[in-house]
Structure formats: C-alpha cells, structure tokens
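Colleague: The following file, entry.txt, comprises compact mmCIF, C-alpha atoms:
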# COMPACT_ATOMS: atom_id res chain seq x y z
CA MET G 1 1.09 1.63 -29.30
CA SER G 2 4.73 2.28 -30.08
CA ASP G 3 3.93 6.01 -30.06
CA ILE G 4 3.42 5.75 -26.28
CA ARG G 5 6.92 4.39 -25.76
CA THR G 6 8.41 7.00 -28.08
CA PHE G 7 6.77 9.83 -26.17
CA VAL G 8 7.75 8.37 -22.79
CA ASP G 9 11.36 8.00 -23.91
CA GLY G 10 11.32 11.70 -24.80
CA ILE G 11 10.23 12.82 -21.34
CA PHE G 12 12.23 10.28 -19.34
CA ASP G 13 14.97 12.66 -18.20
CA GLU G 14 12.36 15.11 -16.90
CA LEU G 15 10.59 12.34 -15.04
CA VAL G 16 13.84 11.21 -13.43
CA ALA G 17 14.41 14.77 -12.19
CA ILE G 18 10.90 14.83 -10.70
CA ARG G 19 11.43 11.47 -9.04
CA ARG G 20 14.71 12.56 -7.47
CA ASP G 21 13.13 15.76 -6.18
CA ILE G 22 10.32 13.80 -4.53
CA HIS G 23 12.77 11.21 -3.18
CA ALA G 24 14.98 13.89 -1.62
CA HIS G 25 12.01 15.54 0.11
CA PRO G 26 9.91 12.69 1.55
CA GLU G 27 6.88 13.36 3.73
CA THR G 28 4.93 10.93 5.88
CA GLY G 29 1.20 10.29 5.78
CA MET G 30 -1.14 13.31 5.73
CA ARG G 31 1.90 15.63 5.86
CA GLU G 32 2.67 15.50 2.13
CA THR G 33 2.26 19.27 1.66
CA ARG G 34 5.33 19.84 -0.51
CA THR G 35 4.71 16.67 -2.50
CA ALA G 36 1.09 17.62 -3.20
CA ALA G 37 2.16 21.12 -4.29
CA LEU G 38 4.73 19.63 -6.68
CA ILE G 39 2.10 17.29 -8.14
CA ARG G 40 -0.35 20.14 -8.65
CA SER G 41 2.31 22.29 -10.28
CA GLU G 42 3.26 19.56 -12.73
CA LEU G 43 -0.39 18.86 -13.58
CA GLU G 44 -1.02 22.54 -14.22
CA LYS G 45 1.99 22.75 -16.54
CA MET G 46 0.84 19.79 -18.63
CA GLY G 47 -2.68 21.18 -18.95
CA VAL G 48 -5.04 18.67 -17.37
CA ASP G 49 -8.70 19.64 -17.59
CA GLU G 50 -9.45 19.85 -13.87
CA ILE G 51 -7.62 19.56 -10.54
CA GLN G 52 -9.42 18.72 -7.31
CA GLN G 53 -8.31 18.55 -3.67
CA PRO G 54 -10.69 16.20 -1.83
CA LEU G 55 -8.31 15.92 1.18
CA PRO G 56 -5.69 18.40 2.46
CA THR G 57 -2.79 16.56 0.80
CA ALA G 58 -4.62 14.59 -1.89
CA VAL G 59 -4.62 15.63 -5.53
CA VAL G 60 -7.10 14.43 -8.15
CA ALA G 61 -7.01 15.42 -11.81
CA LEU G 62 -9.22 14.83 -14.84
CA ILE G 63 -8.20 14.44 -18.48
CA HIS G 64 -11.02 14.41 -21.04
CA GLY G 65 -10.56 12.69 -24.36
CA LYS G 66 -11.29 14.62 -27.55
CA LYS G 67 -13.38 11.83 -29.07
CA GLY G 68 -16.35 12.78 -26.92
CA ALA G 69 -18.16 11.38 -23.88
CA GLY G 70 -17.44 7.90 -22.61
CA LYS G 71 -16.49 5.91 -19.56
CA CYS G 72 -14.20 7.05 -16.76
CA VAL G 73 -11.13 5.05 -15.79
CA ALA G 74 -9.10 5.89 -12.69
CA LEU G 75 -5.36 5.46 -12.19
CA ARG G 76 -4.03 5.73 -8.65
CA ALA G 77 -0.64 6.36 -7.05
CA ASP G 78 0.28 6.71 -3.38
CA ILE G 79 2.52 9.65 -2.46
CA ASP G 80 3.61 9.25 1.19
CA ALA G 81 6.96 8.19 2.61
CA LEU G 82 7.97 6.15 5.67
CA PRO G 83 9.59 6.99 9.03
CA VAL G 84 12.78 5.21 7.97
CA HIS G 85 16.40 6.40 8.11
CA GLU G 86 17.85 6.30 4.59
CA GLU G 87 21.12 4.39 4.17
CA THR G 88 21.42 4.28 0.37
CA GLY G 89 24.17 6.88 -0.03
CA LEU G 90 22.45 8.16 -3.18
CA PRO G 91 23.27 11.74 -4.24
CA PHE G 92 19.55 12.52 -4.03
CA ALA G 93 19.00 10.79 -0.69
CA SER G 94 16.46 12.15 1.76
CA VAL G 95 17.23 15.53 3.30
CA ASN G 96 14.56 14.90 5.92
CA GLU G 97 16.25 12.90 8.67
CA GLY G 98 14.32 9.79 9.63
CA VAL G 99 11.99 9.93 6.63
CA MET G 100 12.50 8.01 3.38
CA HIS G 101 10.70 6.81 0.28
CA ALA G 102 11.53 3.21 1.16
CA CYS G 103 8.40 1.80 -0.46
CA GLY G 104 8.79 3.34 -3.90
CA HIS G 105 5.94 5.83 -3.67
CA ASP G 106 8.18 8.46 -5.24
CA LEU G 107 8.31 6.22 -8.30
CA HIS G 108 4.55 5.61 -8.22
CA THR G 109 3.91 9.36 -8.13
CA THR G 110 6.36 9.99 -10.96
CA MET G 111 4.85 7.23 -13.08
CA LEU G 112 1.35 8.63 -12.70
CA LEU G 113 2.58 12.12 -13.55
CA GLY G 114 4.26 10.65 -16.61
CA ALA G 115 1.06 8.85 -17.61
CA ALA G 116 -0.87 12.10 -17.13
CA ARG G 117 1.49 13.96 -19.43
CA THR G 118 1.35 11.20 -22.03
CA LEU G 119 -2.45 11.05 -21.94
CA CYS G 120 -2.68 14.83 -22.26
CA HIS G 121 -0.52 14.49 -25.37
CA MET G 122 -2.79 11.71 -26.70
CA ARG G 123 -6.18 13.28 -25.93
CA ASP G 124 -7.28 12.87 -29.53
CA GLN G 125 -6.95 9.09 -29.24
CA PHE G 126 -9.66 8.37 -26.70
CA ALA G 127 -13.20 9.15 -25.60
CA GLY G 128 -14.24 9.53 -22.00
CA THR G 129 -12.22 10.60 -18.98
CA VAL G 130 -9.10 9.54 -17.14
CA LYS G 131 -9.16 10.32 -13.42
CA LEU G 132 -5.75 10.54 -11.75
CA ILE G 133 -5.79 9.89 -8.00
CA PHE G 134 -2.73 10.85 -5.95
CA GLU G 135 -3.47 9.29 -2.57
CA PRO G 136 -1.85 10.42 0.70
CA SER G 137 -1.04 8.25 3.71
CA GLU G 138 -1.22 4.74 2.24
CA ASP G 139 1.47 3.50 4.62
CA LEU G 140 -0.06 5.06 7.73
CA MET G 141 -3.22 3.33 8.91
CA PRO G 142 -6.10 3.91 8.45
CA GLY G 143 -4.73 4.99 5.06
CA GLY G 144 -6.05 7.52 2.61
CA ALA G 145 -8.28 5.42 0.37
CA ARG G 146 -11.29 5.18 2.68
CA ALA G 147 -11.22 8.92 3.30
CA LEU G 148 -11.01 9.58 -0.43
CA VAL G 149 -13.96 7.29 -1.14
CA ALA G 150 -15.95 9.02 1.61
CA ALA G 151 -15.05 12.36 0.03
CA GLY G 152 -16.56 11.19 -3.27
CA VAL G 153 -13.43 10.51 -5.31
CA MET G 154 -15.12 7.65 -7.17
CA GLU G 155 -17.90 9.96 -8.39
CA SER G 156 -18.14 13.22 -10.38
CA PRO G 157 -17.55 11.64 -12.80
CA HIS G 158 -18.41 8.10 -11.75
CA VAL G 159 -15.40 5.76 -12.01
CA ASP G 160 -16.11 2.61 -14.04
CA ALA G 161 -12.79 0.87 -13.32
CA ILE G 162 -9.64 1.63 -11.35
CA PHE G 163 -6.04 0.43 -11.70
CA GLY G 164 -2.91 0.73 -9.59
CA GLN G 165 0.61 -0.65 -9.48
CA HIS G 166 3.47 -1.04 -7.01
CA VAL G 167 7.21 -1.40 -7.58
CA CYS G 168 9.04 -4.29 -5.97
CA PRO G 169 12.70 -5.31 -5.75
CA SER G 170 13.58 -8.21 -8.04
CA GLU G 171 15.98 -10.96 -7.06
CA ASN G 172 17.28 -11.36 -10.62
CA ASP G 173 17.52 -7.58 -11.12
CA SER G 174 14.81 -7.58 -13.78
CA VAL G 175 13.14 -4.26 -14.56
CA GLY G 176 9.68 -3.59 -15.95
CA ARG G 177 7.97 -6.97 -15.76
CA MET G 178 4.39 -6.44 -14.61
CA GLN G 179 3.12 -9.24 -12.38
CA LEU G 180 -0.49 -10.32 -12.98
CA TYR G 181 -2.74 -12.30 -10.67
CA LYS G 182 -6.48 -12.95 -10.84
CA GLY G 183 -8.58 -13.00 -7.68
CA TYR G 184 -7.44 -12.06 -4.18
CA PHE G 185 -3.96 -10.59 -4.63
CA THR G 186 -2.98 -8.88 -1.35
CA SER G 187 -3.57 -9.82 2.25
CA ALA G 188 -5.89 -8.11 4.67
CA VAL G 189 -4.16 -6.53 7.66
CA ASP G 190 -5.53 -5.84 11.15
CA LEU G 191 -3.91 -4.81 14.43
CA PHE G 192 -4.64 -5.99 17.97
CA HIS G 193 -3.74 -3.56 20.73
CA ILE G 194 -3.60 -5.77 23.83
CA ALA G 195 -3.35 -4.48 27.40
CA VAL G 196 -2.78 -6.88 30.31
CA HIS G 197 -3.89 -5.47 33.65
CA GLY G 198 -2.58 -7.34 36.68
CA LYS G 199 -1.51 -6.14 40.11
CA SER G 200 1.96 -4.86 40.92
CA GLY G 201 3.84 -5.87 44.03
CA HIS G 202 7.24 -6.46 45.58
CA GLY G 203 9.42 -8.80 43.59
CA SER G 204 10.10 -10.88 46.70
CA ALA G 205 6.41 -11.58 47.27
CA PRO G 206 4.91 -12.59 43.90
CA HIS G 207 1.98 -14.31 45.64
CA THR G 208 0.63 -10.91 46.63
CA ALA G 209 0.64 -9.64 43.04
CA ARG G 210 -0.72 -10.70 39.67
CA ASP G 211 2.18 -10.74 37.25
CA ALA G 212 1.20 -9.02 33.99
CA ILE G 213 4.48 -9.93 32.27
CA ALA G 214 4.11 -13.64 33.07
CA CYS G 215 0.57 -13.46 31.73
CA ALA G 216 1.67 -11.62 28.60
CA GLY G 217 4.51 -14.06 27.96
CA TYR G 218 2.18 -17.03 28.12
CA LEU G 219 -0.31 -15.20 25.95
CA ILE G 220 2.30 -14.65 23.23
CA THR G 221 3.03 -18.39 23.20
CA VAL G 222 -0.62 -19.43 23.00
CA LEU G 223 -1.38 -16.92 20.25
CA GLN G 224 0.95 -18.95 17.99
CA THR G 225 -1.76 -21.64 17.88
CA VAL G 226 -4.26 -19.33 16.18
CA VAL G 227 -2.80 -20.02 12.74
CA SER G 228 -1.42 -23.50 13.33
CA ARG G 229 -4.55 -24.93 14.94
CA ARG G 230 -7.50 -22.75 13.97
CA ILE G 231 -6.93 -21.70 10.35
CA ASP G 232 -7.78 -24.18 7.58
CA PRO G 233 -4.44 -25.60 6.38
CA MET G 234 -5.56 -24.95 2.80
CA ASP G 235 -5.92 -21.29 3.74
CA THR G 236 -3.20 -19.21 5.36
CA ALA G 237 -2.60 -16.32 7.73
CA VAL G 238 0.23 -14.73 9.68
CA LEU G 239 -0.10 -13.49 13.26
CA THR G 240 2.90 -11.65 14.69
CA VAL G 241 3.34 -9.98 18.07
CA GLY G 242 5.54 -7.12 16.98
CA THR G 243 5.90 -5.06 20.16
CA MET G 244 5.71 -5.88 23.86
CA SER G 245 6.40 -3.74 26.92
CA GLY G 246 5.82 -3.97 30.64
CA GLY G 247 7.26 -3.36 34.05
CA ASP G 248 8.92 -0.40 35.71
CA ALA G 249 11.78 -1.87 37.74
CA VAL G 250 13.58 -5.17 38.16
CA ASN G 251 12.40 -5.64 41.76
CA ILE G 252 8.73 -4.93 41.07
CA THR G 253 6.25 -7.51 39.81
CA ALA G 254 4.70 -5.81 36.81
CA GLY G 255 1.09 -4.77 37.08
CA GLU G 256 0.75 -3.73 33.44
CA ALA G 257 1.96 -5.10 30.11
CA ARG G 258 1.09 -4.10 26.56
CA MET G 259 1.63 -5.60 23.16
CA VAL G 260 0.57 -5.05 19.57
CA ALA G 261 -0.03 -7.95 17.22
CA VAL G 262 -0.55 -7.77 13.47
CA LEU G 263 -2.74 -10.21 11.55
CA ARG G 264 -2.36 -10.75 7.82
CA SER G 265 -5.03 -12.97 6.30
CA PHE G 266 -5.79 -14.16 2.79
CA SER G 267 -9.53 -14.88 3.01
CA ASP G 268 -12.52 -13.38 4.77
CA THR G 269 -13.10 -16.69 6.55
CA GLY G 270 -9.52 -16.86 7.80
CA ARG G 271 -9.68 -13.26 8.98
CA ASP G 272 -12.94 -13.75 10.89
CA THR G 273 -11.67 -16.96 12.49
CA ALA G 274 -8.37 -15.42 13.60
CA ILE G 275 -10.02 -12.33 15.10
CA ALA G 276 -12.46 -14.47 17.09
CA GLU G 277 -9.68 -16.75 18.31
CA VAL G 278 -7.45 -13.90 19.48
CA GLN G 279 -10.30 -12.46 21.50
CA ARG G 280 -11.24 -15.88 22.94
CA ILE G 281 -7.66 -16.74 23.90
CA CYS G 282 -7.12 -13.36 25.57
CA LYS G 283 -10.24 -13.85 27.63
CA GLY G 284 -9.19 -17.36 28.68
CA ILE G 285 -5.58 -16.49 29.54
CA GLY G 286 -6.83 -13.52 31.54
CA ILE G 287 -8.99 -15.83 33.63
CA ALA G 288 -6.16 -18.33 34.07
CA PHE G 289 -3.75 -15.66 35.37
CA ASP G 290 -6.37 -13.64 37.23
CA CYS G 291 -5.64 -10.64 35.03
CA ASN G 292 -7.89 -8.44 32.97
CA ILE G 293 -6.90 -8.45 29.30
CA GLU G 294 -8.31 -5.77 27.04
CA VAL G 295 -8.22 -6.24 23.27
CA GLU G 296 -8.76 -3.35 20.90
CA LEU G 297 -9.10 -4.37 17.25
CA GLU G 298 -7.86 -1.79 14.75
CA GLU G 299 -9.29 -2.76 11.41
CA GLY G 300 -6.67 -2.25 8.75
CA TYR G 301 -6.77 -2.89 5.02
CA ALA G 302 -9.06 -5.23 3.13
CA LEU G 303 -8.11 -7.97 0.69
CA GLN G 304 -7.47 -6.64 -2.81
CA TYR G 305 -9.60 -8.51 -5.33
CA ASN G 306 -8.25 -8.37 -8.87
CA ASP G 307 -11.16 -8.56 -11.29
CA PRO G 308 -10.22 -11.27 -13.83
CA THR G 309 -11.56 -9.26 -16.77
CA MET G 310 -9.53 -6.22 -15.74
CA ILE G 311 -6.36 -8.33 -15.38
CA GLU G 312 -6.92 -9.73 -18.88
CA LEU G 313 -7.23 -6.15 -20.12
CA VAL G 314 -3.95 -5.23 -18.42
CA ASP G 315 -2.26 -8.23 -20.02
CA LYS G 316 -3.46 -7.19 -23.48
CA ALA G 317 -2.65 -3.49 -23.01
CA VAL G 318 0.84 -3.86 -21.54
CA ASN G 319 2.04 -6.51 -23.94
CA GLY G 320 0.40 -4.68 -26.82
CA ALA G 321 2.40 -1.57 -25.95
CA GLY G 322 5.64 -3.50 -26.10
CA GLY G 323 5.89 -4.13 -22.39
CA LYS G 324 6.13 -7.37 -20.46
CA ALA G 325 3.23 -8.66 -18.37
CA GLU G 326 3.28 -12.17 -16.90
CA TYR G 327 0.99 -14.17 -14.67
CA ILE G 328 2.46 -15.23 -11.33
CA GLU G 329 1.59 -18.27 -9.25
CA LYS G 330 1.26 -16.74 -5.79
CA PRO G 331 -0.42 -13.59 -4.45
CA PHE G 332 1.45 -10.79 -2.72
CA SER G 333 1.74 -11.21 1.07
CA GLY G 334 1.67 -7.47 1.78
CA SER G 335 -1.39 -5.30 2.22
CA GLU G 336 -2.69 -2.28 0.32
CA ASP G 337 -5.51 0.15 1.01
CA PHE G 338 -6.01 0.39 -2.76
CA SER G 339 -8.43 -2.45 -2.03
CA PHE G 340 -11.00 -0.02 -0.64
CA PHE G 341 -11.51 1.79 -3.94
CA GLY G 342 -13.09 -1.39 -5.26
CA LYS G 343 -14.45 -2.98 -2.10
CA LEU G 344 -16.38 0.04 -0.84
CA THR G 345 -17.88 0.96 -4.20
CA GLY G 346 -18.17 -2.31 -6.13
CA THR G 347 -15.89 -0.90 -8.85
CA PRO G 348 -13.88 -3.42 -10.91
CA SER G 349 -10.22 -3.01 -10.01
CA ALA G 350 -6.79 -4.44 -10.70
CA PHE G 351 -3.53 -4.00 -8.83
CA MET G 352 -0.18 -5.15 -10.14
CA MET G 353 3.42 -5.41 -8.96
CA ILE G 354 6.18 -4.27 -11.31
CA ASP G 355 9.82 -5.39 -11.10
CA ALA G 356 12.10 -2.46 -10.26
CA GLY G 357 15.53 -4.07 -10.13
CA ARG G 358 17.76 -3.98 -7.08
CA GLY G 359 20.84 -2.25 -5.77
CA ASP G 360 24.08 -3.90 -4.74
CA GLU G 361 22.20 -5.66 -1.96
CA LEU G 362 18.75 -7.23 -2.32
CA VAL G 363 16.60 -5.92 0.52
CA SER G 364 12.87 -5.74 1.07
CA LEU G 365 10.50 -2.83 0.80
CA HIS G 366 10.63 -0.52 3.86
CA ASN G 367 14.37 -1.12 4.28
CA GLY G 368 16.59 1.97 4.55
CA LYS G 369 19.05 0.49 2.05
CA ILE G 370 16.58 -0.22 -0.75
CA VAL G 371 17.53 1.11 -4.18
CA PHE G 372 15.34 0.95 -7.29
CA ASN G 373 16.38 1.14 -10.93
CA GLU G 374 14.93 4.34 -12.38
CA GLU G 375 14.52 2.63 -15.75
CA VAL G 376 11.31 1.18 -14.27
CA ILE G 377 9.72 4.58 -14.83
CA LYS G 378 9.48 3.90 -18.57
CA PRO G 379 7.44 0.66 -18.42
CA GLY G 380 5.49 2.04 -15.48
CA VAL G 381 4.34 5.10 -17.43
CA THR G 382 3.82 3.16 -20.64
CA GLY G 383 1.80 0.50 -18.86
CA LEU G 384 -0.53 2.91 -17.07
CA THR G 385 -1.10 4.88 -20.27
CA ALA G 386 -1.79 1.76 -22.33
CA ILE G 387 -4.20 0.41 -19.70
CA ALA G 388 -6.21 3.64 -19.67
CA LEU G 389 -6.40 3.78 -23.49
CA GLU G 390 -7.28 0.10 -23.77
CA TYR G 391 -10.11 0.47 -21.26
CA LEU G 392 -11.60 3.62 -22.77
CA ASN G 393 -11.34 2.40 -26.35
CA GLN G 394 -12.64 -1.13 -25.88
Spit out the file's structure as structure tokens when you get a sec.

Modeller:
Amino acid sequence: MSDIRTFVDGIFDELVAIRRDIHAHPETGMRETRTAALIRSELEKMGVDEIQQPLPTAVVALIHGKKGAGKCVALRADIDALPVHEETGLPFASVNEGVMHACGHDLHTTMLLGAARTLCHMRDQFAGTVKLIFEPSEDLMPGGARALVAAGVMESPHVDAIFGQHVCPSENDSVGRMQLYKGYFTSAVDLFHIAVHGKSGHGSAPHTARDAIACAGYLITVLQTVVSRRIDPMDTAVLTVGTMSGGDAVNITAGEARMVAVLRSFSDTGRDTAIAEVQRICKGIGIAFDCNIEVELEEGYALQYNDPTMIELVDKAVNGAGGKAEYIEKPFSGSEDFSFFGKLTGTPSAFMMIDAGRGDELVSLHNGKIVFNEEVIKPGVTGLTAIALEYLNQ
C-alpha cells in the first residue's frame, strides 16, 4: 500500500493548511458552524458521492467504490473544541478567546478529510462504501454520538464496522505509533450532581441550624471509601469531587452546599457498584447530619469495547501500509462517546490512540499549552485509509 503513503505525502501541505485554519477558529460543542461548513466545502471539492447533515453541525459523507456493491465501513472524527485559553504562542493559535483545540480534534478532522480525499482517489481499488462521520460535541456531555445514532447515522447504508482514532502527547516525542488494545479500552464516565440542603442560621448559634458545609465536607471524605472499600481490588475506578460550593457569608451557617463528582470506571460491575454506593452514602450522611441530600446522576459515556478481530485488522492494515502499530499493556483512562456507535447498535468497533509528539513541555490533553507535531497527519491519514481498504477488500 505504498501508493497510499505517496498520495498522502503529495497532499500533506494542503492538509496542514486545513488543520491550521480549523485550529485558529475553534468552536465548542454543537456550535461548530464554521467548522462544519469548512468540512462540507472540502468534501464537495474532492467529489464524495453524497453529503448528509443528520444534526445541525454534523457532517456525514459517502464514498462508493468502483468495484461494485459491498460492505460499509465507517470512519469517525470529532470536530469540537474546548473552553480553554490557548497558551501555545503558535502563529495559528486560536482567534476565539477562551476556546481552543486542546484535545486534537482539529487533527482528527484533518486526518479524516485526508482519508476521504485519498479514498476518493482510490475508488477503483475497493467495493462497497466508506461512510465518513464528522461528529460534533464529543467533549460536551451528553456528546454527539448518541444523537447521531438516534438520527440513523449507522444506517442508510447499514454500517458493518466502525473505526476511530485519537491523538495523544508522547513522552518520548514519538510520532505516528498507533496504540492497539483488545477488549475494554476506555473508561466509562458519569457525573453526580449533589445538593446538600440544611438550615441556615447565625454563625454564633450553630445548634439552631443544620450546617450544609459541615455535612458536605464529611461527605467528601466518606466518598473516598467508594473505590478503596467497595470496588474489587482487581478492578479499578476513580471517583473525584471536582467542584464544591456553599455558604453566603462568613457569619452565617450555610443552609445549602453543592458539589459535582465524576466517576470513571473500567467495568460494568464497578460502575454499578460505585453508583449504588454513592447514593447509599449520601442517604446515610444526610440522616447523620439531619440534612436532605439530593443526588442527580448524569449518565456520561460508556466503556469502549475494542473488538479483537477489528484490532487485528487494524494491526495488519497499518503495518502493511508502512505504518507502525503496536499493542499496549494498559487501557486508556479517559472516556470517549465513540463507544456508543458500537454499544447502541452492536456494530464491531475499534478505537486507537496515535502518538502525536510533544512541544517543549510535555502536558496532558485539555491543557492550554499542548502542542502536537503536525507530522502525525501523515500516519493518521494513511492508517485510516488502509483500515478502510483492508476491511472492504477482505
């Protein structure tokens, strides 16, 4: 498949220009109007067979192979940015204050556009259909995947398999290595919106009030036992109280306190156990402090299950195209709503991380200083193209 790499090398400069345009004009979830228009324009120029708009800022395109009817494989990229202040100092840094592509979705979008152009060029080499899914709002719960599935994105034509990838900073500055993992690869994520209702009163007479802040503080401490004492030690989970607020003045015993906790779990059993324990603990602490504690569960993203057969296909396709794909020992601790494309429809799926280098300082995704090496576009495009061809021609 050296012809893939040759073609991608020839369009690399154009892809870099597209990436920098998207990076400079980031848009948050469900507001990706300019980004969606750019995607549509590029797809029209390259001559895809059909463009659909199942959601206001989603774009879906079809490319039919010239070898006749066959299966349909889907490739997906997320297109939204984050409410993050950019601190990279890049000449193409965000012009939208407080919004940044700090999770690499500008690269994902560019890679999928590059794969689309390459597949259009190689139509005579496959049968069947490639469906390109540009998903809005991945980083803003409830995400865009469930809405797309509900809108029928996995049908017309029916999708037989779906693949996605995500860039990640690499400690050793490596670029292009695709990380493979069979089975559950990403964590599930859920939010708990907790409201503590006590009774306010004068700070000098706490016995006449019911202190919501004291209750909330104790609750935060006890919630740390959910993972350490209720989750199987051979399993794992993370429960973090990320925000907490309460009180109106220093001389008033607070009558209200609120917090939001995030749960990341790596098995359905661990998730169910943690959710039940949070609710039980809140009920008990509320009784102990004579407060009413309300818990609202916001279901987030499901576990991503990487179909072993699909991962083996990725391994063969990427390495066969001259790329580098390697199995890793541990799953990814983050969460992805890509999981719903497979979970809600029973479609075999695979999701991979791809090394994207680092800037002068190694920082994590979602950090305003994160810098990616644009050379990752080449293996990203080549890999997606090779995966689609391998699947349709098997």

Colleague: Using only C-alpha atoms, which protein or nucleic acid residues come within 6 Å of Phe185 (chain G)? Drop anything in the same chain fewer than 4 positions from it, and give the result as a list in words.

Modeller: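 Contacts, in chain order: Gln304, Pro331 and Phe332 of chain G.
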
Colleague: Any chance you can output those residues with C-alpha atoms as a PDB file, keeping the file's coordinate frame?

Modeller:
ATOM      1  CA  GLN G 304      -7.470  -6.640  -2.810  1.00  0.00           C
ATOM      2  CA  PRO G 331      -0.420 -13.590  -4.450  1.00  0.00           C
ATOM      3  CA  PHE G 332       1.450 -10.790  -2.720  1.00  0.00           C
TER       4      PHE G 332
END

Colleague: With 5 Å on each side, where is the centre of the axis-aligned box around all listed atoms of region 280-299 of chain G, and how long are its edges in Å to one decimal, as lines of an AutoDock Vina configuration file?

Modeller:
center_x = -7.5
center_y = -10.1
center_z = 24.3
size_x = 17.5
size_y = 26.5
size_z = 35.8

Colleague: Counting all atoms listed in the file, which of G:Gln224, G:Ser335, G:Gln52, G:Ser137 gets nearest to Asp190 (chain G)?

Modeller: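 The answer is G:Ser335, which sits nearest to Asp190 (chain G).
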
Colleague: So which residues touch region 204-206 of chain G within 12 Å, counting only C-alpha atoms, skipping near sequence neighbours fewer than 2 positions away, as a list in words?

Modeller: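 My reading of the contact set: Gly198, Lys199, Ser200, Gly201, His202, Thr208, Ala209, Arg210, Asp211, Ala212, Ile213, Ala214, Val250, Asn251, Ile252, Thr253, Ala254 and Gly255 of chain G.
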
Colleague: Excluding His64 (chain G) and any residue of its chain fewer than 4 positions from it, enumerate the residues within 12 Å of it, using all atoms listed in the file, and give them as a PyMOL selection string.

Modeller: chain G and resi 47-50+68-73+116+119-132+157+388-389+392

Colleague: List the spatial neighbours of Gly104 (chain G) as a CSV table (one decimal) with C-alpha atoms, in the frame of the given file - criterion: any atom at most 8 Å away, all atoms listed in the file, same-chain residues fewer than 2 positions off excluded.

Modeller:
chain,number,residue,atom,x,y,z
G,101,HIS,CA,10.7,6.8,0.3
G,102,ALA,CA,11.5,3.2,1.2
G,106,ASP,CA,8.2,8.5,-5.2
G,107,LEU,CA,8.3,6.2,-8.3
G,108,HIS,CA,4.6,5.6,-8.2
G,166,HIS,CA,3.5,-1.0,-7.0
G,167,VAL,CA,7.2,-1.4,-7.6
G,168,CYS,CA,9.0,-4.3,-6.0
G,365,LEU,CA,10.5,-2.8,0.8
G,372,PHE,CA,15.3,1.0,-7.3
